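A.B. asks: If it helps, the file is called query_35.txt and holds compact mmCIF, C-alpha atoms and all ligand atoms:
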# COMPACT_ATOMS: atom_id res chain seq x y z
CA MET S 1 -5.75 -21.97 1.27
CA THR S 2 -5.54 -23.16 -2.31
CA ASP S 3 -7.70 -22.17 -5.24
CA GLN S 4 -8.96 -25.49 -6.60
CA GLY S 5 -8.44 -24.43 -10.22
CA ASP S 6 -10.25 -25.59 -13.33
CA GLU S 7 -10.53 -29.13 -14.67
CA THR S 8 -7.24 -28.79 -16.54
CA GLY S 9 -5.61 -28.18 -13.18
CA LYS S 10 -3.90 -25.09 -14.57
CA ARG S 11 -4.64 -22.83 -11.63
CA ASP S 12 -3.26 -23.83 -8.28
CA LYS S 13 -2.83 -20.48 -6.73
CA LYS S 14 -2.09 -20.05 -3.06
CA VAL S 15 -4.22 -17.45 -1.33
CA ALA S 16 -2.16 -15.48 1.17
CA ASP S 17 -4.85 -15.12 3.82
CA GLN S 18 -3.01 -16.76 6.71
CA TYR S 19 -3.15 -13.58 8.79
CA ASP S 20 -6.91 -14.19 9.01
CA ARG S 21 -6.37 -17.26 11.18
CA GLY S 22 -6.60 -15.70 14.60
CA TYR S 23 -3.16 -14.06 14.74
CA ASP S 24 -3.32 -10.53 16.14
CA TYR S 25 -0.56 -8.58 14.38
CA THR S 26 -2.02 -5.26 15.53
CA THR S 27 -0.32 -5.59 18.93
CA TYR S 28 3.04 -6.77 17.56
CA PHE S 29 4.67 -3.35 17.87
CA ASP S 30 3.37 -2.59 21.35
CA LYS S 31 6.72 -3.71 22.77
CA ARG S 32 8.79 -2.96 19.69
CA GLU S 33 8.95 0.82 19.59
CA TYR S 34 12.63 0.67 18.64
CA GLU S 35 12.03 -1.53 15.56
CA ASN S 36 8.93 0.45 14.53
CA GLU S 37 10.79 3.76 14.72
CA ALA S 38 13.96 2.35 13.13
CA GLU S 39 11.89 1.39 10.06
CA ARG S 40 10.32 4.84 9.91
CA ILE S 41 13.77 6.43 10.05
CA ALA S 42 14.84 4.26 7.10
CA ILE S 43 11.78 5.11 5.00
CA ARG S 44 12.17 8.82 5.73
CA GLU S 45 15.83 8.65 4.76
CA LEU S 46 15.03 6.92 1.44
CA LEU S 47 12.12 9.23 0.57
CA ASP S 48 13.55 12.47 1.91
CA GLY S 49 12.77 15.48 -0.28
CA ARG S 50 10.78 13.46 -2.81
CA ARG S 51 7.14 13.67 -3.82
CA PHE S 52 5.09 10.93 -5.50
CA ASP S 53 1.65 10.81 -7.04
CA ARG S 54 0.41 7.22 -6.57
CA ALA S 55 1.85 4.91 -3.92
CA ALA S 56 0.87 1.46 -2.64
CA ASP S 57 2.01 -0.40 0.45
CA ILE S 58 1.97 -4.09 -0.51
CA GLY S 59 1.20 -6.47 2.35
CA GLY S 60 0.69 -3.36 4.41
CA GLY S 61 -1.12 -5.19 7.21
CA TYR S 62 -3.25 -2.92 9.37
CA GLY S 63 -1.80 0.19 7.73
CA ARG S 64 1.06 0.84 10.14
CA LEU S 65 3.12 2.70 7.53
CA CYS S 66 0.39 4.23 5.36
CA LEU S 67 0.18 7.61 7.07
CA LEU S 68 3.94 7.96 6.88
CA LEU S 69 3.78 7.24 3.14
CA ARG S 70 0.99 9.78 2.77
CA GLU S 71 3.51 12.47 3.78
CA TYR S 72 5.38 11.67 0.56
CA ALA S 73 2.58 10.64 -1.83
CA ASP S 74 -0.69 12.29 -2.88
CA HIS S 75 -2.57 8.98 -3.15
CA VAL S 76 -1.78 5.99 -0.97
CA THR S 77 -3.36 2.54 -1.24
CA LEU S 78 -3.05 -0.17 1.37
CA ALA S 79 -2.80 -3.43 -0.62
CA GLU S 80 -3.31 -6.37 1.70
CA PRO S 81 -4.61 -9.95 1.31
CA SER S 82 -5.94 -10.46 4.84
CA GLN S 83 -9.47 -9.26 5.59
CA SER S 84 -8.81 -9.04 9.33
CA GLN S 85 -5.83 -6.76 8.67
CA LEU S 86 -7.98 -4.62 6.39
CA ASP S 87 -10.68 -4.44 9.07
CA ALA S 88 -8.10 -3.21 11.59
CA ALA S 89 -6.82 -0.74 8.99
CA ALA S 90 -10.33 0.62 8.47
CA GLU S 91 -10.28 1.65 12.14
CA LEU S 92 -6.73 2.98 12.19
CA LEU S 93 -7.13 4.91 8.95
CA ALA S 94 -10.70 6.12 9.52
CA GLY S 95 -11.07 9.73 8.45
CA THR S 96 -8.05 9.61 6.15
CA ASP S 97 -8.02 9.33 2.36
CA ILE S 98 -5.92 6.15 2.33
CA GLU S 99 -7.57 3.61 0.02
CA GLN S 100 -7.69 -0.07 0.79
CA VAL S 101 -7.70 -2.99 -1.60
CA ARG S 102 -7.72 -6.71 -0.89
CA THR S 103 -5.00 -8.15 -3.08
CA GLN S 104 -1.79 -10.13 -2.81
CA ALA S 105 1.68 -9.49 -4.11
CA ASP S 106 1.76 -12.11 -6.87
CA ASP S 107 -1.50 -10.87 -8.41
CA LEU S 108 -1.77 -7.15 -7.75
CA ALA S 109 -5.03 -5.32 -8.41
CA PHE S 110 -3.30 -2.40 -10.13
CA ASP S 111 -3.00 -1.52 -13.80
CA ASP S 112 0.29 -1.81 -15.64
CA ALA S 113 2.62 1.14 -15.03
CA SER S 114 0.13 2.87 -12.73
CA LEU S 115 2.20 3.49 -9.57
CA ASP S 116 5.03 5.89 -8.74
CA LEU S 117 6.02 4.26 -5.46
CA VAL S 118 5.62 0.79 -4.00
CA THR S 119 6.69 -0.26 -0.53
CA MET S 120 6.76 -3.80 0.84
CA VAL S 121 7.92 -4.10 4.43
CA ARG S 122 8.04 -7.24 6.58
CA VAL S 123 6.49 -9.34 3.83
CA MET S 124 9.61 -10.91 2.30
CA HIS S 125 9.98 -13.24 5.26
CA HIS S 126 6.77 -14.90 4.03
CA LEU S 127 8.02 -15.24 0.43
CA PRO S 128 10.60 -18.03 -0.04
CA ASP S 129 10.51 -17.56 -3.82
CA PRO S 130 9.58 -13.94 -4.51
CA SER S 131 10.07 -14.03 -8.32
CA ALA S 132 6.34 -13.82 -9.15
CA GLU S 133 5.86 -11.00 -6.61
CA PHE S 134 8.81 -9.02 -8.00
CA ALA S 135 7.48 -9.43 -11.55
CA GLU S 136 4.11 -8.06 -10.38
CA ILE S 137 5.67 -5.11 -8.57
CA SER S 138 7.68 -4.35 -11.68
CA ARG S 139 4.55 -4.57 -13.85
CA VAL S 140 2.56 -2.04 -11.81
CA LEU S 141 5.38 0.52 -11.50
CA LYS S 142 5.84 3.28 -14.04
CA PRO S 143 9.22 3.38 -15.79
CA GLY S 144 11.65 5.17 -13.48
CA ALA S 145 9.38 4.66 -10.45
CA THR S 146 10.61 3.63 -7.00
CA ALA S 147 10.18 0.51 -4.89
CA ILE S 148 11.27 0.13 -1.30
CA ILE S 149 11.48 -3.49 -0.28
CA GLU S 150 12.47 -4.63 3.17
CA VAL S 151 14.27 -7.98 3.34
CA ALA S 152 14.70 -10.19 6.38
CA ASN S 153 18.46 -10.78 6.25
CA TYR S 154 19.93 -14.21 6.98
CA GLY S 155 23.47 -12.91 6.51
CA HIS S 156 23.35 -10.46 9.42
CA TYR S 157 26.42 -9.86 11.52
CA LYS S 158 25.82 -12.62 14.07
CA ASN S 159 25.14 -15.32 11.46
CA ARG S 160 28.06 -14.23 9.34
CA ARG S 161 30.39 -14.49 12.30
CA ARG S 162 28.98 -17.94 13.15
CA PHE S 163 29.37 -19.27 9.62
CA LYS S 164 32.89 -17.90 9.41
CA LYS S 165 33.84 -19.59 12.66
CA GLU S 166 32.45 -22.87 11.37
CA GLY S 167 34.30 -22.41 8.07
CA LYS S 168 31.07 -22.58 6.07
CA PRO S 169 29.77 -20.22 3.38
CA LEU S 170 26.52 -18.37 3.98
CA PRO S 171 23.58 -20.03 2.22
CA THR S 172 22.54 -18.28 -0.96
CA GLU S 173 18.99 -19.70 -0.78
CA PRO S 174 16.32 -18.61 1.75
CA VAL S 175 16.52 -20.31 5.14
CA SER S 176 13.43 -21.26 7.12
CA ILE S 177 13.43 -19.65 10.56
CA ARG S 178 10.35 -21.42 11.87
CA THR S 179 10.92 -22.37 15.48
CA VAL S 180 7.86 -24.61 15.79
CA GLN S 181 6.66 -27.10 13.25
CA ALA S 182 3.80 -25.72 11.14
CA ASP S 183 0.54 -27.49 11.94
CA GLU S 184 -1.23 -26.72 8.64
CA PRO S 185 -0.10 -27.86 5.19
CA ASP S 186 -0.48 -24.33 3.83
CA ALA S 187 0.94 -22.53 6.86
CA ILE S 188 2.66 -19.28 6.01
CA PRO S 189 6.42 -19.67 5.46
CA PHE S 190 8.95 -17.84 7.63
CA VAL S 191 12.29 -17.38 5.92
CA ASN S 192 15.34 -15.16 5.98
CA HIS S 193 17.06 -14.27 2.73
CA ASN S 194 20.50 -13.86 1.25
CA ILE S 195 20.58 -10.18 0.27
CA ALA S 196 22.77 -10.65 -2.81
CA THR S 197 20.41 -13.35 -4.09
CA VAL S 198 17.40 -11.07 -3.61
CA ILE S 199 19.13 -8.17 -5.38
CA GLY S 200 19.75 -10.54 -8.31
CA GLN S 201 16.10 -11.62 -8.36
CA LEU S 202 15.02 -7.98 -8.33
CA ALA S 203 17.38 -7.12 -11.18
CA ALA S 204 15.84 -9.96 -13.21
CA ALA S 205 12.49 -8.18 -12.73
CA GLU S 206 14.01 -4.91 -14.00
CA LEU S 207 14.19 -3.45 -10.51
CA THR S 208 17.65 -1.98 -10.11
CA LEU S 209 19.25 -1.31 -6.74
CA GLN S 210 19.76 2.38 -5.92
CA ARG S 211 20.45 2.36 -2.18
CA LYS S 212 20.56 0.02 0.76
CA LEU S 213 20.04 0.68 4.48
CA SER S 214 20.76 -1.65 7.36
CA VAL S 215 17.92 -1.42 9.87
CA SER S 216 17.24 -2.45 13.48
CA ASN S 217 20.98 -2.76 13.94
CA LEU S 218 20.73 -2.65 17.75
CA ARG S 219 17.91 -5.20 18.03
CA SER S 220 18.76 -6.91 21.29
CA GLU S 221 16.61 -7.46 24.36
CA ARG S 222 19.65 -6.75 26.56
CA LEU S 223 20.36 -3.38 24.95
CA LYS S 224 16.68 -2.47 25.16
CA GLN S 225 16.81 -3.02 28.91
CA LEU S 226 19.99 -0.99 29.28
CA LEU S 227 19.35 1.99 27.02
CA PRO S 228 16.44 4.40 26.54
CA THR S 229 14.74 3.95 23.16
CA GLY S 230 15.56 7.52 22.16
CA ALA S 231 19.29 6.91 22.63
CA MET S 232 19.13 3.65 20.67
CA LEU S 233 17.34 5.40 17.82
CA ALA S 234 19.88 8.23 17.72
CA VAL S 235 22.63 5.63 17.25
CA GLU S 236 20.50 3.63 14.80
CA LYS S 237 20.02 6.69 12.61
CA ARG S 238 23.77 7.22 12.33
CA LEU S 239 24.45 3.57 11.52
CA GLN S 240 21.84 2.65 8.92
CA GLN S 241 23.85 3.82 5.93
CA ARG S 242 27.27 2.90 7.23
CA LEU S 243 26.33 -0.67 8.19
CA ALA S 244 24.51 -1.32 4.91
CA ARG S 245 27.87 -1.96 3.22
CA THR S 246 28.21 -5.22 5.13
CA ASP S 247 24.49 -6.09 5.42
CA PHE S 248 25.00 -5.92 9.18
CA GLY S 249 21.45 -5.77 10.50
CA PRO S 250 18.55 -8.24 10.58
CA SER S 251 16.50 -6.08 8.24
CA ILE S 252 17.78 -4.55 5.00
CA PHE S 253 15.83 -1.85 3.19
CA LEU S 254 16.42 -1.79 -0.57
CA GLU S 255 15.53 1.18 -2.72
CA LEU S 256 14.97 0.13 -6.32
CA ARG S 257 14.26 1.85 -9.60
CA LYS S 258 12.04 0.40 -12.28
CA ALA S 259 13.94 0.43 -15.57
C1 LIG S 301 4.39 -8.97 9.36
S1 LIG S 301 3.01 -8.32 8.51
C2 LIG S 301 3.65 -6.77 7.93
C3 LIG S 301 2.58 -5.76 7.68
C4 LIG S 301 3.11 -4.37 7.28
N1 LIG S 301 3.83 -4.42 6.03
C5 LIG S 301 3.96 -3.79 8.35
O1 LIG S 301 5.19 -3.69 8.15
O2 LIG S 301 3.44 -3.47 9.41
C6 LIG S 301 3.00 -9.28 7.04
C7 LIG S 301 1.85 -8.92 6.13
O3 LIG S 301 2.08 -9.51 4.85
C8 LIG S 301 0.84 -9.97 4.37
N2 LIG S 301 1.14 -11.00 3.37
C9 LIG S 301 1.45 -12.29 3.56
N3 LIG S 301 1.63 -12.91 2.38
C10 LIG S 301 1.45 -11.97 1.42
C11 LIG S 301 1.49 -11.97 0.02
N4 LIG S 301 1.77 -13.08 -0.68
N5 LIG S 301 1.23 -10.82 -0.63
C12 LIG S 301 0.95 -9.69 0.06
N6 LIG S 301 0.90 -9.62 1.39
C13 LIG S 301 1.14 -10.75 2.06
C14 LIG S 301 0.11 -10.47 5.58
O4 LIG S 301 -1.28 -10.58 5.38
C15 LIG S 301 0.50 -9.42 6.60
O5 LIG S 301 -0.40 -8.35 6.63
Rewrite the structure from the file as structure tokens, please.
C.D. replies:
Amino acid sequence: MTDQGDETGKRDKKVADQYDRGYDYTTYFDKREYENEAERIAIRELLDGRRFDRAADIGGGYGRLCLLLREYADHVTLAEPSQSQLDAAAELLAGTDIEQVRTQADDLAFDDASLDLVTMVRVMHHLPDPSAEFAEISRVLKPGATAIIEVANYGHYKNRRRFKKEGKPLPTEPVSIRTVQADEPDAIPFVNHNIATVIGQLAAAELTLQRKLSVSNLRSERLKQLLPTGAMLAVEKRLQQRLARTDFGPSIFLELRKA
């Protein structure tokens, strides 16, 4: 959806409400316990032993990660542009003190330098050019505050091997991973990113890389059939740090510090 803007045509802002168009994300993890838990392991590893005052989960969907964040932060806000996701979150988070706000990443409803921790997980694959979103995240973070941003990684092990075999360099720009042609002009993008490019974009927004974890390293339907989830997660836990050096996995968690 596009904001029509004023008569000068200055505003032409895309509203990120595509998750309101009948897609039920709330069941996505029903058959993805391994990925869900692998992401929790990564967040716990990055936040271990730390305590924050104000945290926000940007594009937090139905609040999947909010209660985990609440273990590390005194105040947690779910910041999400889709009303249907917020409605689902209201059910999931009923009886908790997690706040909810309808807002999107390039126009965050938070004051300057008001947050100690921001997370943004599984949103980057909808952001082909995340510069405006990174600038907003930087704006709302206090100096020295932390951001954890998950990036869908185009340069994962399998792609890197393929490109090497073909004698081609990995693309530095985001690559669309849509498998079916979008049927709406403003359909939500699906992209995978070059991690080095994203780290550069973050640095330009004064968000400096502190740590990296490689996540969902064993994502494979075959392995899931062969191994119990618990065994896969035990291996995953041992690999996340080690495999981050080569951006091995399909999902890279970046821990950043606001200058
Ligand atoms: C795959 S879901 C991930 C939800 C949640 N972060 C999680 O990991 O479970 C993607 C979410 O990003 C939200 N989203 C899409 N575009 C966005 C944008 N520009 N700013 C903030 N959130 C956005 C969607 O509404 C959706 O809730």
A.B. asks: Report, as JSON, the axis-aligned box around all atoms of ligand LIG 301 (chain S) present in the file, extended by 8 Å on each side; give centre and edge lengths in Å to one decimal place.
C.D. replies:
{"center_x": 2.0, "center_y": -8.3, "center_z": 4.4, "size_x": 22.5, "size_y": 25.6, "size_z": 26.1}
A.B. asks: Would you kindly return, as a list in words, each protein, DNA or RNA residue with an atom no farther than 9 Å from any atom of Leu202 in chain S, considering all atoms listed in the file and excluding same-chain residues fewer than 6 positions away?
C.D. replies: Pro130, Ser131, Phe134, Ala135, Ser138, Thr208, Leu209 and Leu256 of chain S
A.B. asks: Under the rule of at most 7 Å, produce a per-residue listing of chain S near ligand LIG 301 (chain S): chain, number, name, the closest pair of atoms, and the distance in Å, as a tab-separated table, using all atoms listed in the file.
C.D. replies:
residue	atom	partner	partner_atom	distance
S:Ala16	CA	S:LIG301	N3	4.7
S:Asp17	CA	S:LIG301	O4	6.0
S:Gln18	CA	S:LIG301	O4	6.6
S:Tyr19	CA	S:LIG301	O4	4.9
S:Tyr25	CA	S:LIG301	S1	6.9
S:Ile58	CA	S:LIG301	C12	5.7
S:Gly59	CA	S:LIG301	N6	3.3
S:Gly60	CA	S:LIG301	N1	3.7
S:Gly61	CA	S:LIG301	O5	3.3
S:Tyr62	CA	S:LIG301	C3	6.7
S:Gly63	CA	S:LIG301	O2	6.6
S:Arg64	CA	S:LIG301	O2	5.0
S:Leu65	CA	S:LIG301	O2	6.5
S:Glu80	CA	S:LIG301	N6	5.3
S:Pro81	CA	S:LIG301	O4	5.3
S:Ser82	CA	S:LIG301	O4	4.7
S:Gln85	CA	S:LIG301	O5	6.0
S:Thr103	CA	S:LIG301	C12	6.9
S:Gln104	CA	S:LIG301	N5	3.8
S:Ala105	CA	S:LIG301	N5	3.8
S:Asp106	CA	S:LIG301	N4	6.3
S:Met120	CA	S:LIG301	N1	6.0
S:Val121	CA	S:LIG301	N1	4.4
S:Arg122	CA	S:LIG301	C2	4.6
S:Val123	CA	S:LIG301	O3	4.5
S:His126	CA	S:LIG301	N3	5.8
S:Leu127	CA	S:LIG301	N4	6.7
A.B. asks: Could you take the residues named above and write them with C-alpha atoms, as a short mmCIF file (atom, residue, chain, number, x, y, z; two decimals), in the frame of the given file?
C.D. replies:
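Generated output (selection-v4.cif):
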data_model
loop_
_atom_site.label_atom_id
_atom_site.label_comp_id
_atom_site.auth_asym_id
_atom_site.auth_seq_id
_atom_site.Cartn_x
_atom_site.Cartn_y
_atom_site.Cartn_z
CA ALA S 16 -2.16 -15.48 1.17
CA ASP S 17 -4.85 -15.12 3.82
CA GLN S 18 -3.01 -16.76 6.71
CA TYR S 19 -3.15 -13.58 8.79
CA TYR S 25 -0.56 -8.58 14.38
CA ILE S 58 1.97 -4.09 -0.51
CA GLY S 59 1.20 -6.47 2.35
CA GLY S 60 0.69 -3.36 4.41
CA GLY S 61 -1.12 -5.19 7.21
CA TYR S 62 -3.25 -2.92 9.37
CA GLY S 63 -1.80 0.19 7.73
CA ARG S 64 1.06 0.84 10.14
CA LEU S 65 3.12 2.70 7.53
CA GLU S 80 -3.31 -6.37 1.70
CA PRO S 81 -4.61 -9.95 1.31
CA SER S 82 -5.94 -10.46 4.84
CA GLN S 85 -5.83 -6.76 8.67
CA THR S 103 -5.00 -8.15 -3.08
CA GLN S 104 -1.79 -10.13 -2.81
CA ALA S 105 1.68 -9.49 -4.11
CA ASP S 106 1.76 -12.11 -6.87
CA MET S 120 6.76 -3.80 0.84
CA VAL S 121 7.92 -4.10 4.43
CA ARG S 122 8.04 -7.24 6.58
CA VAL S 123 6.49 -9.34 3.83
CA HIS S 126 6.77 -14.90 4.03
CA LEU S 127 8.02 -15.24 0.43
#
A.B. asks: Identify which of the residues S:Asp186, S:Asp129, S:Glu35, S:Glu99 lies closest to Pro174 in chain S, counting all atoms listed in the file when measuring atom-to-atom distances.
C.D. replies: S:Asp129
A.B. asks: Go ahead and find all residues with at least one atom no further than 7 Å from (13.0, -5.9, 21.5) in the file's coordinates, using all atoms listed in the file; report them as a PyMOL selection string.
C.D. replies: chain S and resi 31-32+219-221+224
A.B. asks: What's the separation between CA of Val235 in chain S and CA of Arg257 in chain S, in Å to one decimal place?
C.D. replies: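 Between CA of Val235 in chain S and CA of Arg257 in chain S the gap is 28.4 Å.
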A.B. asks: What's the separation between CA of Thr229 in chain S and CA of Ala244 in chain S, in Å to one decimal place?
C.D. replies: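 Value for the CA of Thr229 in chain S-CA of Ala244 in chain S distance: 21.4 Å.
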A.B. asks: Give me, as a tab-separated table (two decimals) with C-alpha atoms, keeping the file's coordinate frame, all polymer residues having an atom no more than 10 Å from Asp97 in chain S, counting all atoms listed in the file and skipping those fewer than 2 positions away in the same chain.
C.D. replies:
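Done, and the output landed in part34.tsv:
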chain	number	residue	atom	x	y	z
S	67	LEU	CA	0.18	7.61	7.07
S	70	ARG	CA	0.99	9.78	2.77
S	74	ASP	CA	-0.69	12.29	-2.88
S	75	HIS	CA	-2.57	8.98	-3.15
S	76	VAL	CA	-1.78	5.99	-0.97
S	77	THR	CA	-3.36	2.54	-1.24
S	93	LEU	CA	-7.13	4.91	8.95
S	94	ALA	CA	-10.70	6.12	9.52
S	95	GLY	CA	-11.07	9.73	8.45
S	99	GLU	CA	-7.57	3.61	0.02
S	100	GLN	CA	-7.69	-0.07	0.79
A.B. asks: If you take all atoms listed in the file and a cut-off of 12 Å, which residues of range 97-196 of chain S touch range 47-51 of chain S, and what are their nearest atom pairs and distances in Å to one decimal, in chain and number order, as a tab-separated table?
C.D. replies:
residue	atom	partner	partner_atom	distance
S:Asp116	CA	S:Arg51	CA	9.4
S:Leu117	CA	S:Arg51	CA	9.6
S:Val118	CA	S:Leu47	CA	11.6
S:Thr119	CA	S:Leu47	CA	11.0
S:Ala145	CA	S:Arg51	CA	11.4
S:Thr146	CA	S:Leu47	CA	9.5
S:Ala147	CA	S:Leu47	CA	10.5
S:Ile148	CA	S:Leu47	CA	9.3
A.B. asks: Let me see the file: selected residues, C-alpha atoms, as a short mmCIF file (atom, residue, chain, number, x, y, z; two decimals), keeping the file's coordinate frame.
C.D. replies:
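Saved file selection_6.cif follows:
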data_model
loop_
_atom_site.label_atom_id
_atom_site.label_comp_id
_atom_site.auth_asym_id
_atom_site.auth_seq_id
_atom_site.Cartn_x
_atom_site.Cartn_y
_atom_site.Cartn_z
CA ASP S 116 5.03 5.89 -8.74
CA LEU S 117 6.02 4.26 -5.46
CA VAL S 118 5.62 0.79 -4.00
CA THR S 119 6.69 -0.26 -0.53
CA ALA S 145 9.38 4.66 -10.45
CA THR S 146 10.61 3.63 -7.00
CA ALA S 147 10.18 0.51 -4.89
CA ILE S 148 11.27 0.13 -1.30
#
A.B. asks: Quick check, in Å to one decimal: how far apart do CA of Tyr23 in chain S and CA of Glu39 in chain S lie?
C.D. replies: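 Rounded to one decimal, the two atoms are 22.1 Å apart.
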A.B. asks: Return the single residue from S:Arg21, S:Arg178, S:Lys168, S:Arg245 that is closest to Asn192 in chain S, with distances computed using all atoms listed in the file.
C.D. replies: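 Of the candidates, the smallest distance to Asn192 in chain S is held by S:Arg178.
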A.B. asks: With distances taken over all atoms listed in the file, which residue among S:Gly200, S:Leu226, S:Lys258, S:Ile252 lies nearest Glu173 in chain S?
C.D. replies: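 Residue with the minimum atom-to-atom distance to Glu173 in chain S: S:Gly200.
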A.B. asks: Quick one: everything within 10 Å of Asp247 in chain S, counting all atoms listed in the file, minus sequence neighbours fewer than 5 positions away in the same chain. Send it as JSON, numbers by chain.
C.D. replies: {"S": [153, 154, 155, 156, 157, 160, 194, 195, 196, 212, 213, 214, 215, 217, 240, 241, 242, 252, 253]}
A.B. asks: Just the selected residues (C-alpha atoms), exported as a compact mmCIF listing (two decimals), keeping the file's coordinate frame, please.
C.D. replies:
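As a result, selection28.txt now contains:
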# COMPACT_ATOMS: atom_id res chain seq x y z
CA ASN S 153 18.46 -10.78 6.25
CA TYR S 154 19.93 -14.21 6.98
CA GLY S 155 23.47 -12.91 6.51
CA HIS S 156 23.35 -10.46 9.42
CA TYR S 157 26.42 -9.86 11.52
CA ARG S 160 28.06 -14.23 9.34
CA ASN S 194 20.50 -13.86 1.25
CA ILE S 195 20.58 -10.18 0.27
CA ALA S 196 22.77 -10.65 -2.81
CA LYS S 212 20.56 0.02 0.76
CA LEU S 213 20.04 0.68 4.48
CA SER S 214 20.76 -1.65 7.36
CA VAL S 215 17.92 -1.42 9.87
CA ASN S 217 20.98 -2.76 13.94
CA GLN S 240 21.84 2.65 8.92
CA GLN S 241 23.85 3.82 5.93
CA ARG S 242 27.27 2.90 7.23
CA ILE S 252 17.78 -4.55 5.00
CA PHE S 253 15.83 -1.85 3.19
A.B. asks: For Ile188 in chain S, which residue out of S:Arg222, S:Arg102, S:Arg238, S:His125 is the nearest one, using all atoms listed in the file?
C.D. replies: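 Ranked by minimum distance to Ile188 in chain S, first place goes to S:His125.
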